[in-house]
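> Once you've had a glance at the structure underneath, I'll fire off some questions.
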Amino acid sequence: MKKGQLYINGQFREGADKQHLEVINPYDLEPIGSQSVAEGSDVRQAVSCAAESFKRWKKQSAYERGALLRKLYDLVLENEERLAKMITLEQGKPLSEAIGEVRYAASYLSWYAEEGIRIKGDILEPTHKTMRMQVIKQPVGPVGIITPWNFPLAMFVRKMAPALAAGCTVIIKPAEQTPLTAYEFFRLVDEAGFPDGVCQLVTGDPVEIGKIFMEAESLRKISFTGSTEVGKLLMAQSAETVKKVSLELGGHAPLIVFADADLDKAVQGTIDSKFRNCGQVCIATNRVLVEKSILPAYQEKLLEKVASLKAGSGFEENDMGPVIDRQGYEKISEHVDDALNRGANLLFGGQGYRQKDNQGGYLFQPTVLGNISEDMKIMQEETFGPVVPITAFETEEEALRIANQTPFGLASYFYTENISRAIRVSEGLEFGMVGINTGRISSAQAPFGGVKASGFGREGGYYGIEEYLHTKYIGTGI
Ligand code: ADP
C-alpha cells in the first residue's frame with residue numbers, strides 16, 4: 001500500500017490531524033494506498049511558506065531557476081516508468097498512454113527551463129527628452145494550482161513549470177482521486193533540490209482548501225483546470241482579493257469531416273481525439289459532423305476501426321481503461337440512453353459494464369451513434385466517455401453553425417483538403433484551438449486554452465509564462 005504525504009516548506013509530513021484519504025484503483029475498485037489530508041492549519045502554513053520563499057525565489061536568476069527545472073526534467077524521465085505505473089494504478093489509462101503523459105509533462109519542464117531566460121521588457125521612446133521609459137516583467141507572486149484527475153501529472157506540471165520559471169512559488173492541490181502521482185512527483189521535486197517553500201503539495205477537502213487559497217491575500221494567482229461550475233465559483237471568490245485567475249474548463253469539441261477530406265486521416269483523427277483516456281479529456285471530440293454525401297463511407301471506415309478497440313485493465317494490452325468512477329459512468333450511460341430515446345441509431349457498442357462478475361470498476365464499450373440531432377444531451381454537454389455521436393450536414397455554413405452552437409469553446413477539429421476552406425473554417429470556429437487534418441494538437445510550445453465557458457488563460461509556449469508575469473512601467477525623469 002502506497003502512503004503519500006503532504007510536502008510543505010521542503011518537508012514531507014502528515015496533516016495536523018493525521019487523517020488520510022483512501023485511494024482506489026478505478027479498474028477493480030480495490031484500495032491502492034492513502035494520502036495525507038491537509039487541515040486548514042496545514043494549508044495556511046503552506047500559503048505563508050510560499051509567500052516567504054517567494055521573496056528569495058524571485059531574486060534568483062532565470063538561469064538558476066532554469067537549471068533546477070532542467071534537473072527535475074531529467075529526474076522525471078529517469079523515473080518515467082514508476083510515475084506512469086502510478087498514473088495507470090490510480091487513474092486507469094493504459095500504461096503506454098501513461099508513459100506518453102509523463103513525457104508530455106516533462107516536455108513542459110524542458111520548455112520552461114529555457115523560456116525563463118527569454119523573459120524581456122521594453123525601452124520606450126519618451127515623450128520628452130527629460131524622461132526615460134522602461135517596461136519590465138515581474139513574477140505575479142505565489143500561485144495556487146488546482147487540477148483534475150484525468151491527467152494526474154501533466155495537468156499541474158503544465159502550470160507549475162511556467163510559474164516557477166517566471167519566479168513564482170507554487171502550492172499544488174491535485175484531485176482527491178489521483179493524489180499519489182503528485183506525491184511520487186514531489187519526491188523528485190525534493191531530490192532536485194528546490195529551495196524550501198518554492199513547491200508545495202496539499203491534498204484534502206477541495207472546498208476548504210479552495211476557500212483558504214481564495215481568501216489568502218498573499219496568493220496572487222490561481223490556475224485551475226476542471227469543471228465550468230467550480231471555475232465560476234473560483235472566479236467569483238477571486239473578486240475578494242482581486243486575484244489573477246486562469247481557468248481551463250470543460251469543452252465540447254466538434255470534429256467536422258468535409259466531403260473533400262482524406263477519409264482515412266479523418267477516421268484516424270476521430271479515433272485519436274475520441275478514445276484516448278477513454279474519452280475523459282477536455283479536448284476530446286464530443287460531436288462528429290459529417291458532410292451528407294460521404295456519411296456512409298465515413299461510418300463504414302470508422303466502425304471497422306472502432307470494432308478493434310478493447311477496454312480493460314491499463315496494465316494489459318487494451319486501448320482503453322476504466323471510466324474513473326460511478327458518477328462518470330452514469331453520465332455516459334445517460335447521454336447514450338437520452339440519444340437513443342430521442343431517435344439516435346446505435347451503430348456500435350452502447351453498453352457499460354462492471355469489470356468482472358458484475359463487480360469492480362466501470363468499463364464502457366467504444367460506442368458509435370448515428371442520426372444524432374441537436375436537441376440531444378450529448379450535443380449540449382460534455383460526455384467524458386468513449387462515445388462518438390455522428391450528425392450529417394449539407395453546407396459549410398451549416399457545419400459552422402452546428403459546431404459553434406455550444407457555450408463551450410476549447411478545441412475543435414476539421415478535415416478538408418481544400419486550402420481556402422481550411423482558412424475560412426479555422427477562422428470561423430469559435431474555439432481557442434483548432435486542429436486541421438489532425439486529432440492531436442497539444443504541445444509544450446503551443447497555447448492551450450479556451451474561450452467562452454471553456455475559460456481563459458493559456459498554457460504552453462511564451463503565452464504560458466505571460467500568465468505568471470506582471471507588466472511594470474517605470475518612468476524616470478532625468
Ligand atoms: P471534475 O468533474 O473533472 O472532477 P471538478 O471541477 O469537480 O472537476 O474538479 C477539479 C478540481 O477542482 C479537483 O482538484 C477538485 O478537488 C477541485 N475542486 C472541486 N470543488 C472545488 C471547490 N469548491 N473549490 C476549489 N477546488 C475544488
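Residue numbering restarts at 1 in every chain; chains get A, B, ... in the order shown in the C-alpha cells, and ligands count up from 1 in that same order.
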Fewer than 6 positions away in the same chain doesn't count, so skip those; otherwise give me all residues within 6 Å of region 264-273 of chain A, counting only C-alpha atoms, as a list of chain:residue names.
A:Ala284, A:Thr285, A:Leu302, A:Thr438, A:Gly439
> Could you report the residues within 6 Å of ligand 1, using only C-alpha atoms and all ligand atoms, as a list of chain:residue names?
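Sorted by chain and then by number, the residues are A:Ile146, A:Thr147, A:Pro148, A:Pro174, A:Ala175, A:Glu176, A:Pro206, A:Val207, A:Gly210, A:Gly226, A:Ser227, A:Val230.
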> Under the rule of at most 10 Å, produce a per-residue listing of region 190-255 of chain A near region 457-471 of chain A: chain, number, name, the closest pair of atoms, and the distance in Å, as a Markdown table, using only C-alpha atoms.

| residue | atom | partner | partner_atom | distance |
| --- | --- | --- | --- | --- |
| A:Arg220 | CA | A:Tyr468 | CA | 9.5 |
| A:Lys221 | CA | A:Tyr468 | CA | 7.9 |
| A:Ile222 | CA | A:Tyr468 | CA | 9.9 |
| A:Ser223 | CA | A:Gly457 | CA | 8.7 |
| A:Phe224 | CA | A:Gly457 | CA | 9.9 |
| A:Lys244 | CA | A:Glu467 | CA | 8.6 |
| A:Val245 | CA | A:Gly457 | CA | 7.9 |
| A:Ser246 | CA | A:Gly457 | CA | 4.8 |
| A:Leu247 | CA | A:Gly457 | CA | 6.3 |
| A:Glu248 | CA | A:Gly457 | CA | 7.3 |
> Taking the DSSP secondary structure from the backbone, can you list the residues of region 32-123 of chain A that are alpha helix (DSSP H), as number ranges by chain?
A: 40-57, 62-78, 80-91, 95-115
> Please report as JSON lines every residue of region 15-79 of chain A lying within 8 Å of region 151-165 of chain A, along with the nearest atom pair and their distance in Å (one decimal), using only C-alpha atoms.

{"residue": "A:Ala62", "atom": "CA", "partner": "A:Ala165", "partner_atom": "CA", "distance": 6.7}
{"residue": "A:Arg65", "atom": "CA", "partner": "A:Ala165", "partner_atom": "CA", "distance": 6.1}
{"residue": "A:Gly66", "atom": "CA", "partner": "A:Ala165", "partner_atom": "CA", "distance": 6.4}
{"residue": "A:Leu69", "atom": "CA", "partner": "A:Ala161", "partner_atom": "CA", "distance": 7.4}
> Go ahead and write the selection's residues with N, CA, C and O atoms as a PDB file, in the first residue's frame.

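Full text of result_24.pdb as output:
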ATOM      1  N   ALA A  62      17.019  33.782 -13.719  1.00  0.00           N
ATOM      2  CA  ALA A  62      16.254  32.835 -14.538  1.00  0.00           C
ATOM      3  C   ALA A  62      17.128  31.634 -14.909  1.00  0.00           C
ATOM      4  O   ALA A  62      16.624  30.528 -15.121  1.00  0.00           O
ATOM      5  N   ARG A  65      16.984  29.283 -11.897  1.00  0.00           N
ATOM      6  CA  ARG A  65      15.675  28.612 -11.846  1.00  0.00           C
ATOM      7  C   ARG A  65      15.573  27.580 -12.967  1.00  0.00           C
ATOM      8  O   ARG A  65      15.070  26.467 -12.778  1.00  0.00           O
ATOM      9  N   GLY A  66      16.072  27.955 -14.139  1.00  0.00           N
ATOM     10  CA  GLY A  66      16.037  27.041 -15.291  1.00  0.00           C
ATOM     11  C   GLY A  66      16.852  25.781 -15.033  1.00  0.00           C
ATOM     12  O   GLY A  66      16.459  24.684 -15.426  1.00  0.00           O
ATOM     13  N   LEU A  69      14.776  23.420 -13.021  1.00  0.00           N
ATOM     14  CA  LEU A  69      13.722  22.819 -13.846  1.00  0.00           C
ATOM     15  C   LEU A  69      14.314  21.733 -14.754  1.00  0.00           C
ATOM     16  O   LEU A  69      13.712  20.685 -14.965  1.00  0.00           O
TER      17      LEU A  69
END
> Could you check the closest approach to Ala344 (chain A) for each of A:Gln237, A:Ser373, A:Thr225, A:Gln91 and tell me which residue wins, using only C-alpha atoms?
A:Ser373
> Could you work out how far CA of Ile332 (chain A) lies from CA of Tyr27 (chain A), giving the answer in Å with one decimal?
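Interatomic distance here is 16.8 Å.
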> For Arg82 (chain A), please output as a ChimeraX atom specification all residues within 12 Å (counting only C-alpha atoms; exclusion window: fewer than 5 positions along the same chain).
/A:75-77,87-89,95,98-99,102,180-181,183-185,187-188
> Give me a file of those residues, with all heavy atoms, as a compact mmCIF listing (two decimals), in the first residue's frame.

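Ended up saving to out_26.txt:
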# COMPACT_ATOMS: atom_id res chain seq x y z
N LEU A 75 15.13 14.04 -13.90
CA LEU A 75 14.66 13.07 -12.90
C LEU A 75 13.32 12.45 -13.32
O LEU A 75 13.10 11.25 -13.12
CB LEU A 75 14.49 13.77 -11.54
CG LEU A 75 15.78 14.07 -10.80
CD1 LEU A 75 15.53 15.02 -9.63
CD2 LEU A 75 16.42 12.77 -10.30
N VAL A 76 12.45 13.26 -13.90
CA VAL A 76 11.15 12.73 -14.34
C VAL A 76 11.36 11.66 -15.42
O VAL A 76 10.77 10.58 -15.37
CB VAL A 76 10.23 13.87 -14.85
CG1 VAL A 76 9.02 13.32 -15.59
CG2 VAL A 76 9.77 14.73 -13.68
N LEU A 77 12.25 11.95 -16.37
CA LEU A 77 12.48 10.95 -17.42
C LEU A 77 13.14 9.70 -16.87
O LEU A 77 12.81 8.58 -17.26
CB LEU A 77 13.30 11.55 -18.56
CG LEU A 77 12.55 12.58 -19.41
CD1 LEU A 77 13.34 12.93 -20.66
CD2 LEU A 77 11.15 12.10 -19.83
N ILE A 87 0.23 6.42 -12.40
CA ILE A 87 -0.88 7.04 -13.14
C ILE A 87 -1.89 5.95 -13.53
O ILE A 87 -3.10 6.09 -13.31
CB ILE A 87 -0.37 7.78 -14.41
CG1 ILE A 87 0.45 9.00 -14.02
CG2 ILE A 87 -1.54 8.18 -15.32
CD1 ILE A 87 1.12 9.73 -15.18
N THR A 88 -1.40 4.85 -14.08
CA THR A 88 -2.31 3.77 -14.50
C THR A 88 -3.05 3.18 -13.30
O THR A 88 -4.24 2.90 -13.36
CB THR A 88 -1.52 2.68 -15.27
OG1 THR A 88 -1.00 3.28 -16.45
CG2 THR A 88 -2.40 1.50 -15.65
N LEU A 89 -2.32 3.04 -12.20
CA LEU A 89 -2.92 2.45 -11.00
C LEU A 89 -4.06 3.29 -10.45
O LEU A 89 -5.13 2.78 -10.12
CB LEU A 89 -1.82 2.30 -9.94
CG LEU A 89 -1.99 1.24 -8.86
CD1 LEU A 89 -2.20 -0.13 -9.47
CD2 LEU A 89 -0.76 1.24 -7.95
N LEU A 95 -1.03 1.77 -19.81
CA LEU A 95 0.33 2.16 -19.43
C LEU A 95 1.05 2.94 -20.54
O LEU A 95 1.79 3.89 -20.26
CB LEU A 95 1.13 0.90 -19.04
CG LEU A 95 2.43 1.12 -18.32
CD1 LEU A 95 2.26 1.93 -17.04
CD2 LEU A 95 3.10 -0.21 -17.99
N ALA A 98 0.02 6.33 -20.27
CA ALA A 98 0.57 6.94 -19.05
C ALA A 98 2.03 7.37 -19.28
O ALA A 98 2.46 8.44 -18.85
CB ALA A 98 0.47 5.96 -17.88
N ILE A 99 2.78 6.53 -20.00
CA ILE A 99 4.17 6.90 -20.35
C ILE A 99 4.13 8.16 -21.21
O ILE A 99 4.91 9.10 -21.02
CB ILE A 99 4.88 5.75 -21.11
CG1 ILE A 99 4.97 4.53 -20.19
CG2 ILE A 99 6.22 6.20 -21.69
CD1 ILE A 99 6.30 4.04 -19.79
N VAL A 102 3.65 11.14 -19.02
CA VAL A 102 4.86 11.55 -18.29
C VAL A 102 5.79 12.33 -19.22
O VAL A 102 6.31 13.40 -18.85
CB VAL A 102 5.60 10.32 -17.70
CG1 VAL A 102 6.89 10.75 -17.01
CG2 VAL A 102 4.69 9.57 -16.72
N LEU A 180 -1.63 10.35 -5.53
CA LEU A 180 -0.36 9.63 -5.32
C LEU A 180 0.65 9.89 -6.43
O LEU A 180 1.86 9.86 -6.20
CB LEU A 180 -0.63 8.13 -5.15
CG LEU A 180 -1.40 7.78 -3.87
CD1 LEU A 180 -1.76 6.30 -3.83
CD2 LEU A 180 -0.58 8.15 -2.62
N THR A 181 0.16 10.15 -7.64
CA THR A 181 1.08 10.52 -8.72
C THR A 181 1.77 11.83 -8.33
O THR A 181 2.98 12.00 -8.53
CB THR A 181 0.31 10.72 -10.05
OG1 THR A 181 -0.39 9.51 -10.34
CG2 THR A 181 1.25 11.06 -11.18
N TYR A 183 2.29 12.91 -5.32
CA TYR A 183 3.24 12.61 -4.25
C TYR A 183 4.54 12.04 -4.83
O TYR A 183 5.65 12.46 -4.46
CB TYR A 183 2.61 11.64 -3.24
CG TYR A 183 3.62 11.05 -2.30
CD1 TYR A 183 4.21 11.83 -1.30
CD2 TYR A 183 4.03 9.72 -2.43
CE1 TYR A 183 5.17 11.29 -0.45
CE2 TYR A 183 4.98 9.18 -1.59
CZ TYR A 183 5.55 9.97 -0.61
OH TYR A 183 6.51 9.44 0.22
N GLU A 184 4.40 11.07 -5.76
CA GLU A 184 5.59 10.48 -6.40
C GLU A 184 6.42 11.56 -7.10
O GLU A 184 7.64 11.56 -7.05
CB GLU A 184 5.17 9.42 -7.43
CG GLU A 184 4.65 8.14 -6.83
CD GLU A 184 5.72 7.35 -6.10
OE1 GLU A 184 6.91 7.56 -6.36
OE2 GLU A 184 5.36 6.52 -5.24
N PHE A 185 5.74 12.47 -7.75
CA PHE A 185 6.42 13.55 -8.46
C PHE A 185 7.16 14.44 -7.45
O PHE A 185 8.29 14.88 -7.68
CB PHE A 185 5.40 14.35 -9.27
CG PHE A 185 5.96 15.57 -9.94
CD1 PHE A 185 6.61 15.47 -11.15
CD2 PHE A 185 5.84 16.83 -9.35
CE1 PHE A 185 7.13 16.60 -11.77
CE2 PHE A 185 6.35 17.95 -9.97
CZ PHE A 185 7.01 17.84 -11.18
N ARG A 187 8.47 13.64 -4.72
CA ARG A 187 9.73 13.03 -4.26
C ARG A 187 10.88 13.47 -5.17
O ARG A 187 12.01 13.66 -4.74
CB ARG A 187 9.60 11.50 -4.26
CG ARG A 187 8.71 11.03 -3.10
CD ARG A 187 8.45 9.55 -3.16
NE ARG A 187 9.65 8.74 -3.19
CZ ARG A 187 9.68 7.44 -3.48
NH1 ARG A 187 8.54 6.81 -3.73
NH2 ARG A 187 10.81 6.77 -3.50
N LEU A 188 10.55 13.66 -6.45
CA LEU A 188 11.57 14.11 -7.40
C LEU A 188 11.84 15.61 -7.25
O LEU A 188 12.98 16.06 -7.40
CB LEU A 188 11.13 13.79 -8.84
CG LEU A 188 10.78 12.33 -9.10
CD1 LEU A 188 10.30 12.14 -10.53
CD2 LEU A 188 12.00 11.43 -8.83
> What does the structure give for the distance between CA of Lys377 (chain A) and CA of Ser426 (chain A), in Å to one decimal?
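Interatomic distance here is 25.7 Å.
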> Could you jot down the CA of Lys211 (chain A) to CA of Val143 (chain A) separation for me, Å, one decimal place?
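Result for CA of Lys211 (chain A) versus CA of Val143 (chain A): 14.1 Å, one decimal.
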> Choose the residue, out of A:Gln445, A:Ser333, A:Gln280, A:Thr203, that has the smallest atom-to-atom separation from Trp149 (chain A); count only C-alpha atoms.
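Checking each candidate against Trp149 (chain A), we get A:Gln280 as the closest.
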> Name the closest residue to Gly197 (chain A) among the candidates A:Ala51, A:Cys282, A:Ala67, A:Met214; distances are taken between atoms, counting only C-alpha atoms.
A:Ala51
> Report as number ranges by chain all protein, DNA and RNA residues lying within 7 Å of Glu14 (chain A), evaluated on only C-alpha atoms, omitting residues in the same chain fewer than 5 positions from it.
A: 5-6, 36
> Just to be explicit: take each residue in the selection above, keep all heavy atoms, and write the result as an mmCIF file, in the first residue's frame.

data_model
loop_
_atom_site.group_PDB
_atom_site.id
_atom_site.type_symbol
_atom_site.label_atom_id
_atom_site.label_comp_id
_atom_site.auth_asym_id
_atom_site.auth_seq_id
_atom_site.Cartn_x
_atom_site.Cartn_y
_atom_site.Cartn_z
ATOM 1 N N GLN A 5 2.292 11.643 1.273
ATOM 2 C CA GLN A 5 2.245 12.700 2.291
ATOM 3 C C GLN A 5 2.159 14.081 1.654
ATOM 4 O O GLN A 5 2.334 14.244 0.449
ATOM 5 C CB GLN A 5 3.514 12.613 3.139
ATOM 6 C CG GLN A 5 3.578 11.359 3.980
ATOM 7 C CD GLN A 5 4.731 11.418 4.964
ATOM 8 O OE1 GLN A 5 5.858 11.702 4.587
ATOM 9 N NE2 GLN A 5 4.447 11.136 6.223
ATOM 10 N N LEU A 6 1.940 15.056 2.517
ATOM 11 C CA LEU A 6 1.959 16.453 2.081
ATOM 12 C C LEU A 6 3.423 16.870 1.916
ATOM 13 O O LEU A 6 4.323 16.219 2.467
ATOM 14 C CB LEU A 6 1.306 17.352 3.140
ATOM 15 C CG LEU A 6 -0.035 16.878 3.699
ATOM 16 C CD1 LEU A 6 -0.485 17.804 4.833
ATOM 17 C CD2 LEU A 6 -1.074 16.850 2.590
ATOM 18 N N SER A 36 -2.105 11.682 2.828
ATOM 19 C CA SER A 36 -2.359 12.541 3.986
ATOM 20 C C SER A 36 -3.303 13.673 3.619
ATOM 21 O O SER A 36 -3.213 14.246 2.530
ATOM 22 C CB SER A 36 -1.053 13.175 4.474
ATOM 23 O OG SER A 36 -0.198 12.181 4.956
#
